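Asks: Just dropping this structure here.
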Amino acid sequence: MKVKVGVVQESPVFFDKAKTLEKLEILVDTYAQKGCELLVFPESFIPGYPRGFDFGAKIGSRTDEGRQLYADYVANSIDLESEDRTRLEQLSKQKNVFLVIGVTEKQNTNGSLYCAMLYISPTHGLLGVHRKIKPTGTERLIWAEADGASLVSFQTAIGKLGGLICWENYMPQARMSMYHKGVEIYIAPTADSREEWTATMKHIALEGRCFVLGCNQYYTKSMYPKKYNHSVKEESEEICPGGSIIVSPLGKVIAGPLFGKAGVLVAELDLEDVSKSKLDFDVIGHYARNDIFELKVNGQPEMRKS
(Lines give C-alpha, C1' and ligand atoms only; values in the text may rest on other atoms or scores of the structure.)
Protein backbone atom coordinates (compact mmCIF):
# COMPACT_ATOMS: atom_id res chain seq x y z
CA MET A 1 0.00 0.00 0.00
CA LYS A 2 1.23 3.47 -0.89
CA VAL A 3 0.46 6.54 1.21
CA LYS A 4 1.05 10.17 0.27
CA VAL A 5 2.13 12.24 3.26
CA GLY A 6 2.93 15.87 3.93
CA VAL A 7 5.20 17.20 6.69
CA VAL A 8 4.28 20.83 7.36
CA GLN A 9 7.19 23.12 8.30
CA GLU A 10 5.30 26.32 9.02
CA SER A 11 4.93 28.91 11.76
CA PRO A 12 1.82 29.47 13.88
CA VAL A 13 0.25 32.84 14.57
CA PHE A 14 1.92 32.90 17.95
CA PHE A 15 -0.32 32.76 21.04
CA ASP A 16 -3.40 33.24 18.82
CA LYS A 17 -5.40 30.03 18.64
CA ALA A 18 -8.11 31.41 16.37
CA LYS A 19 -5.74 32.72 13.70
CA THR A 20 -3.52 29.64 13.91
CA LEU A 21 -6.54 27.41 13.34
CA GLU A 22 -7.43 29.51 10.30
CA LYS A 23 -3.90 29.11 8.95
CA LEU A 24 -3.97 25.37 9.63
CA GLU A 25 -7.26 25.05 7.72
CA ILE A 26 -5.76 26.78 4.67
CA LEU A 27 -2.71 24.50 4.75
CA VAL A 28 -4.83 21.37 5.11
CA ASP A 29 -7.09 22.41 2.23
CA THR A 30 -4.10 23.15 -0.01
CA TYR A 31 -2.30 19.86 0.57
CA ALA A 32 -5.39 17.69 0.69
CA GLN A 33 -6.08 18.96 -2.82
CA LYS A 34 -2.57 17.83 -3.75
CA GLY A 35 -3.51 14.29 -2.71
CA CYS A 36 -1.96 14.06 0.76
CA GLU A 37 -3.63 11.40 2.90
CA LEU A 38 -1.72 12.33 6.08
CA LEU A 39 -0.54 15.78 7.19
CA VAL A 40 1.77 16.29 10.19
CA PHE A 41 2.20 19.58 12.06
CA PRO A 42 5.05 20.57 14.44
CA GLU A 43 5.33 20.42 18.23
CA SER A 44 2.88 22.83 19.89
CA PHE A 45 1.90 24.31 16.52
CA ILE A 46 -1.22 25.51 18.32
CA PRO A 47 -0.73 28.06 19.86
CA GLY A 48 3.06 28.02 19.35
CA TYR A 49 6.23 26.67 20.93
CA PRO A 50 7.32 29.42 23.38
CA ARG A 51 11.02 29.38 22.52
CA GLY A 52 13.03 31.98 24.40
CA PHE A 53 10.44 32.71 27.11
CA ASP A 54 11.20 32.28 30.80
CA PHE A 55 7.68 33.13 32.05
CA GLY A 56 9.23 35.39 34.64
CA ALA A 57 10.50 32.43 36.64
CA LYS A 58 13.74 31.72 38.38
CA ILE A 59 14.49 29.54 41.37
CA GLY A 60 12.72 31.09 44.34
CA SER A 61 10.53 33.63 42.54
CA ARG A 62 7.98 34.30 39.79
CA THR A 63 6.80 37.63 38.37
CA ASP A 64 3.29 38.95 37.78
CA GLU A 65 4.19 39.51 34.13
CA GLY A 66 5.24 35.87 33.82
CA ARG A 67 1.99 34.68 35.39
CA GLN A 68 0.04 36.81 32.91
CA LEU A 69 2.02 35.33 30.02
CA TYR A 70 1.13 31.85 31.28
CA ALA A 71 -2.54 32.86 31.52
CA ASP A 72 -2.40 34.05 27.90
CA TYR A 73 -0.88 30.72 26.89
CA VAL A 74 -3.60 28.82 28.72
CA ALA A 75 -6.34 30.90 27.10
CA ASN A 76 -5.03 30.05 23.62
CA SER A 77 -4.36 26.35 24.23
CA ILE A 78 -6.50 23.55 22.80
CA ASP A 79 -9.45 22.23 24.84
CA LEU A 80 -10.56 18.82 23.58
CA GLU A 81 -13.87 19.13 25.43
CA SER A 82 -14.81 22.18 23.38
CA GLU A 83 -15.48 23.37 19.85
CA ASP A 84 -11.73 23.04 19.22
CA ARG A 85 -12.07 19.28 18.85
CA THR A 86 -15.19 19.50 16.69
CA ARG A 87 -13.54 21.99 14.36
CA LEU A 88 -10.46 19.81 13.82
CA GLU A 89 -12.54 16.65 13.37
CA GLN A 90 -14.75 18.36 10.80
CA LEU A 91 -11.70 19.62 8.94
CA SER A 92 -10.25 16.12 8.74
CA LYS A 93 -13.57 14.69 7.57
CA GLN A 94 -14.30 17.41 5.00
CA LYS A 95 -10.83 17.22 3.45
CA ASN A 96 -10.59 13.41 3.81
CA VAL A 97 -7.14 13.53 5.34
CA PHE A 98 -5.57 12.15 8.52
CA LEU A 99 -4.13 14.88 10.73
CA VAL A 100 -1.41 14.63 13.38
CA ILE A 101 -1.11 18.01 15.08
CA GLY A 102 1.21 19.20 17.83
CA VAL A 103 -0.69 21.32 20.34
CA THR A 104 -0.51 22.65 23.86
CA GLU A 105 -3.55 21.15 25.55
CA LYS A 106 -5.51 22.38 28.54
CA GLN A 107 -7.95 20.25 30.52
CA ASN A 108 -10.99 21.02 32.63
CA THR A 109 -9.81 18.72 35.42
CA ASN A 110 -6.72 20.72 36.40
CA GLY A 111 -4.81 23.92 35.68
CA SER A 112 -1.83 22.26 34.03
CA LEU A 113 -0.92 22.24 30.36
CA TYR A 114 0.36 19.33 28.29
CA CYS A 115 2.50 19.18 25.18
CA ALA A 116 0.35 16.88 23.07
CA MET A 117 0.07 15.23 19.69
CA LEU A 118 -3.48 14.76 18.35
CA TYR A 119 -4.31 11.89 15.98
CA ILE A 120 -7.42 12.69 13.93
CA SER A 121 -9.08 10.40 11.38
CA PRO A 122 -11.42 11.54 8.59
CA THR A 123 -13.76 8.65 9.42
CA HIS A 124 -13.37 8.18 13.20
CA GLY A 125 -12.56 11.69 14.45
CA LEU A 126 -10.11 12.01 17.32
CA LEU A 127 -8.40 8.63 17.61
CA GLY A 128 -6.39 9.59 20.68
CA VAL A 129 -3.78 11.85 22.19
CA HIS A 130 -0.11 11.38 22.99
CA ARG A 131 0.98 13.69 25.79
CA LYS A 132 4.67 14.25 26.39
CA ILE A 133 5.85 11.94 29.18
CA LYS A 134 8.88 14.10 30.02
CA PRO A 135 9.12 17.78 29.03
CA THR A 136 12.71 18.85 28.51
CA GLY A 137 14.54 21.30 30.76
CA THR A 138 12.56 24.42 31.58
CA GLU A 139 9.63 23.16 29.49
CA ARG A 140 8.68 21.54 32.82
CA LEU A 141 7.70 24.99 34.05
CA ILE A 142 4.73 25.14 31.66
CA TRP A 143 4.00 21.51 30.73
CA ALA A 144 3.04 18.68 33.05
CA GLU A 145 4.15 15.12 32.28
CA ALA A 146 1.86 12.28 31.24
CA ASP A 147 1.95 8.56 32.10
CA GLY A 148 2.05 5.29 30.16
CA ALA A 149 -1.55 5.67 29.00
CA SER A 150 -0.23 8.38 26.68
CA LEU A 151 1.92 5.95 24.66
CA VAL A 152 -0.77 5.47 22.04
CA SER A 153 -0.67 3.88 18.59
CA PHE A 154 -3.29 3.32 15.91
CA GLN A 155 -3.96 0.82 13.14
CA THR A 156 -5.60 2.87 10.40
CA ALA A 157 -6.51 2.71 6.73
CA ILE A 158 -3.13 4.30 5.91
CA GLY A 159 -1.00 2.10 8.14
CA LYS A 160 0.04 1.77 11.77
CA LEU A 161 0.71 5.19 13.28
CA GLY A 162 2.57 6.17 16.44
CA GLY A 163 5.40 8.31 17.66
CA LEU A 164 6.94 10.57 20.27
CA ILE A 165 7.50 14.30 20.72
CA CYS A 166 10.94 15.93 20.51
CA TRP A 167 13.42 14.63 23.11
CA GLU A 168 11.17 11.78 24.19
CA ASN A 169 12.81 10.24 21.13
CA TYR A 170 16.05 10.02 23.12
CA MET A 171 14.36 7.72 25.65
CA PRO A 172 15.21 4.16 24.52
CA GLN A 173 12.33 2.46 26.36
CA ALA A 174 9.84 4.98 24.98
CA ARG A 175 11.03 4.24 21.45
CA MET A 176 10.79 0.52 22.12
CA SER A 177 7.21 0.96 23.32
CA MET A 178 6.38 2.23 19.82
CA TYR A 179 8.36 -0.47 18.02
CA HIS A 180 6.58 -3.17 20.04
CA LYS A 181 3.28 -1.99 18.59
CA GLY A 182 4.59 -2.49 15.07
CA VAL A 183 4.39 1.19 14.12
CA GLU A 184 4.96 1.65 10.39
CA ILE A 185 4.77 5.45 10.20
CA TYR A 186 6.61 6.91 13.17
CA ILE A 187 5.78 10.59 13.74
CA ALA A 188 8.16 12.92 15.57
CA PRO A 189 7.05 16.56 15.95
CA THR A 190 9.86 18.60 17.45
CA ALA A 191 11.35 21.99 18.26
CA ASP A 192 14.90 20.70 17.74
CA SER A 193 16.50 22.18 14.63
CA ARG A 194 20.06 20.95 15.17
CA GLU A 195 21.86 18.88 12.57
CA GLU A 196 22.10 16.18 15.25
CA TRP A 197 18.32 15.81 15.04
CA THR A 198 18.66 14.67 11.44
CA ALA A 199 20.92 11.86 12.65
CA THR A 200 18.36 10.94 15.32
CA MET A 201 15.58 10.60 12.73
CA LYS A 202 17.78 8.34 10.59
CA HIS A 203 18.69 6.24 13.61
CA ILE A 204 15.05 5.72 14.62
CA ALA A 205 14.12 4.68 11.08
CA LEU A 206 16.97 2.14 11.01
CA GLU A 207 16.32 0.90 14.53
CA GLY A 208 12.55 0.62 14.27
CA ARG A 209 12.46 -0.35 10.58
CA CYS A 210 9.72 2.23 10.02
CA PHE A 211 9.14 5.40 8.05
CA VAL A 212 9.97 8.44 10.18
CA LEU A 213 8.32 11.84 9.73
CA GLY A 214 10.28 14.49 11.63
CA CYS A 215 8.35 17.75 11.71
CA ASN A 216 9.58 21.14 12.94
CA GLN A 217 8.43 24.73 12.49
CA TYR A 218 10.27 27.56 10.77
CA TYR A 219 10.31 30.61 13.04
CA THR A 220 12.06 33.95 13.33
CA LYS A 221 12.17 36.33 16.28
CA SER A 222 10.31 39.04 14.33
CA MET A 223 7.32 36.70 13.96
CA TYR A 224 6.55 37.13 17.66
CA PRO A 225 3.85 39.79 18.25
CA LYS A 226 5.18 43.08 19.62
CA LYS A 227 3.28 42.35 22.82
CA TYR A 228 5.65 39.46 23.56
CA ASN A 229 8.81 40.31 21.61
CA HIS A 230 10.54 42.02 24.53
CA SER A 231 10.21 38.84 26.62
CA VAL A 232 12.12 36.64 24.20
CA LYS A 233 15.58 35.74 25.47
CA GLU A 234 17.05 34.91 22.06
CA GLU A 235 19.81 36.78 20.25
CA SER A 236 19.45 35.22 16.80
CA GLU A 237 16.74 36.40 14.40
CA GLU A 238 16.26 32.91 12.95
CA ILE A 239 15.44 31.12 16.18
CA CYS A 240 14.17 27.91 14.60
CA PRO A 241 15.49 27.15 11.09
CA GLY A 242 13.45 23.96 10.74
CA GLY A 243 14.99 20.65 9.74
CA SER A 244 11.86 18.65 8.88
CA ILE A 245 12.64 15.33 7.23
CA ILE A 246 11.15 12.09 5.90
CA VAL A 247 13.25 8.92 6.24
CA SER A 248 12.79 5.39 4.88
CA PRO A 249 12.90 2.18 6.98
CA LEU A 250 16.49 1.70 5.77
CA GLY A 251 17.53 5.11 7.05
CA LYS A 252 17.62 6.78 3.65
CA VAL A 253 16.40 10.36 3.41
CA ILE A 254 13.33 10.56 1.16
CA ALA A 255 12.71 14.30 1.57
CA GLY A 256 14.52 17.11 3.37
CA PRO A 257 15.97 18.02 5.70
CA LEU A 258 14.42 21.41 5.04
CA PHE A 259 16.30 24.31 6.63
CA GLY A 260 16.02 28.07 6.41
CA LYS A 261 12.48 28.46 5.12
CA ALA A 262 8.88 27.41 5.55
CA GLY A 263 7.55 24.65 3.34
CA VAL A 264 5.89 21.25 3.15
CA LEU A 265 7.73 18.01 2.42
CA VAL A 266 5.55 15.68 0.35
CA ALA A 267 6.40 12.05 -0.32
CA GLU A 268 4.73 8.79 -1.28
CA LEU A 269 5.50 5.96 1.15
CA ASP A 270 5.29 2.33 0.09
CA LEU A 271 4.44 0.43 3.27
CA GLU A 272 5.77 -2.79 1.74
CA ASP A 273 9.22 -1.24 2.30
CA VAL A 274 8.67 -1.84 6.03
CA SER A 275 8.42 -5.59 5.45
CA LYS A 276 11.37 -5.58 3.06
CA SER A 277 13.56 -3.80 5.60
CA LYS A 278 13.08 -6.54 8.19
CA LEU A 279 14.90 -9.20 6.19
CA ASP A 280 18.14 -8.51 8.03
CA PHE A 281 17.02 -6.63 11.15
CA ASP A 282 13.83 -6.70 13.20
CA VAL A 283 14.12 -5.06 16.62
CA ILE A 284 11.02 -6.85 17.95
CA GLY A 285 11.50 -10.07 15.97
CA HIS A 286 14.60 -12.09 15.20
CA TYR A 287 16.89 -9.44 16.75
CA ALA A 288 14.89 -9.10 19.98
CA ARG A 289 16.59 -11.80 22.11
CA ASN A 290 13.58 -12.19 24.38
CA ASP A 291 15.53 -14.80 26.32
CA ILE A 292 17.75 -11.98 27.60
CA PHE A 293 15.69 -8.78 27.47
CA GLU A 294 12.19 -7.92 28.61
CA LEU A 295 10.37 -4.59 28.23
CA LYS A 296 7.63 -3.64 30.68
CA VAL A 297 5.59 -0.51 29.99
CA ASN A 298 3.12 0.39 32.70
CA GLY A 299 -0.25 1.50 31.42
CA GLN A 300 0.43 1.54 27.69
CA PRO A 301 -2.82 0.85 25.78
CA GLU A 302 -3.16 -1.71 23.03
CA MET A 303 -2.97 -0.42 19.48
CA ARG A 304 -6.38 0.98 18.61
CA LYS A 305 -7.92 -0.25 15.37
CA SER A 306 -9.97 2.20 13.35
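Labels for the C-alpha coordinates follow display order: chains A, B, ..., residues from 1 in each chain, ligands from 1.
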Tell me which protein, DNA and RNA residues are within 12 Å of A:Phe293, counting only C-alpha atoms, leaving out same-chain ones fewer than 5 positions away, and put them as a PyMOL selection string.
Replies: chain A and resi 173+176+283-284+287-288
Asks: Those selected residues, please, written with N, CA and C atoms and delivered as an mmCIF file, in the first residue's frame.
Replies:
```cif
data_model
loop_
_atom_site.group_PDB
_atom_site.id
_atom_site.type_symbol
_atom_site.label_atom_id
_atom_site.label_comp_id
_atom_site.auth_asym_id
_atom_site.auth_seq_id
_atom_site.Cartn_x
_atom_site.Cartn_y
_atom_site.Cartn_z
ATOM 1 N N GLN A 173 13.508 3.281 26.057
ATOM 2 C CA GLN A 173 12.331 2.461 26.362
ATOM 3 C C GLN A 173 11.072 3.038 25.715
ATOM 4 N N MET A 176 11.127 1.939 22.199
ATOM 5 C CA MET A 176 10.794 0.516 22.120
ATOM 6 C C MET A 176 9.301 0.280 22.310
ATOM 7 N N VAL A 283 13.834 -5.343 15.210
ATOM 8 C CA VAL A 283 14.121 -5.060 16.617
ATOM 9 C C VAL A 283 13.158 -5.764 17.568
ATOM 10 N N ILE A 284 11.965 -6.123 17.090
ATOM 11 C CA ILE A 284 11.022 -6.848 17.948
ATOM 12 C C ILE A 284 10.808 -8.287 17.480
ATOM 13 N N TYR A 287 15.798 -10.110 16.044
ATOM 14 C CA TYR A 287 16.891 -9.438 16.749
ATOM 15 C C TYR A 287 16.537 -9.125 18.200
ATOM 16 N N ALA A 288 15.392 -9.544 18.675
ATOM 17 C CA ALA A 288 14.893 -9.101 19.975
ATOM 18 C C ALA A 288 15.607 -9.759 21.162
#
```
Asks: Give me the residues within 6 Å of stretch 42-44 of chain A as a PyMOL selection string, counting only C-alpha atoms and dropping any in the same chain fewer than 3 places off.
Replies: chain A and resi 48-49+102-104+189-190+215-217
Asks: Calculated over only C-alpha atoms, which of the candidates A:Glu10, A:Glu139, A:Glu207, A:Glu89 has the smallest distance to A:Trp167?
Replies: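 Counting only C-alpha atoms, the residue closest to A:Trp167 is A:Glu139.
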Asks: Each residue of stretch 162-191 of chain A with at least one atom at most 12 Å from stretch 123-133 of chain A should appear once, together with its nearest atom pair and the corresponding distance in Å (one decimal); atoms considered: only C-alpha atoms; ordering: chain, then increasing residue number; output as JSON lines.
Replies:
```
{"residue": "A:Gly162", "atom": "CA", "partner": "A:His130", "partner_atom": "CA", "distance": 8.8}
{"residue": "A:Gly163", "atom": "CA", "partner": "A:His130", "partner_atom": "CA", "distance": 8.3}
{"residue": "A:Leu164", "atom": "CA", "partner": "A:Lys132", "partner_atom": "CA", "distance": 7.5}
{"residue": "A:Ile165", "atom": "CA", "partner": "A:Lys132", "partner_atom": "CA", "distance": 6.3}
{"residue": "A:Cys166", "atom": "CA", "partner": "A:Lys132", "partner_atom": "CA", "distance": 8.8}
{"residue": "A:Trp167", "atom": "CA", "partner": "A:Lys132", "partner_atom": "CA", "distance": 9.4}
{"residue": "A:Glu168", "atom": "CA", "partner": "A:Lys132", "partner_atom": "CA", "distance": 7.3}
{"residue": "A:Asn169", "atom": "CA", "partner": "A:Lys132", "partner_atom": "CA", "distance": 10.5}
{"residue": "A:Met171", "atom": "CA", "partner": "A:Ile133", "partner_atom": "CA", "distance": 10.1}
{"residue": "A:Gln173", "atom": "CA", "partner": "A:Ile133", "partner_atom": "CA", "distance": 11.8}
{"residue": "A:Ala174", "atom": "CA", "partner": "A:Ile133", "partner_atom": "CA", "distance": 9.1}
{"residue": "A:Met178", "atom": "CA", "partner": "A:His130", "partner_atom": "CA", "distance": 11.7}
{"residue": "A:Ile187", "atom": "CA", "partner": "A:His130", "partner_atom": "CA", "distance": 11.0}
{"residue": "A:Ala188", "atom": "CA", "partner": "A:His130", "partner_atom": "CA", "distance": 11.2}
{"residue": "A:Pro189", "atom": "CA", "partner": "A:Lys132", "partner_atom": "CA", "distance": 11.0}
{"residue": "A:Thr190", "atom": "CA", "partner": "A:Lys132", "partner_atom": "CA", "distance": 11.2}
```
Asks: Counting only C-alpha atoms, what is within 7 Å of A:Ile245, bar same-chain residues fewer than 5 positions away, as a list in words?
Replies: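 Skipping anything fewer than 5 positions along the chain leaves Leu213, Gly214, Cys215, Ala255, Gly256, Pro257 and Leu258 of chain A.
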Asks: Calculated over only C-alpha atoms, which of the candidates A:Arg51, A:Lys221, A:Arg209, A:His180 has the smallest distance to A:Lys276?
Replies: A:Arg209
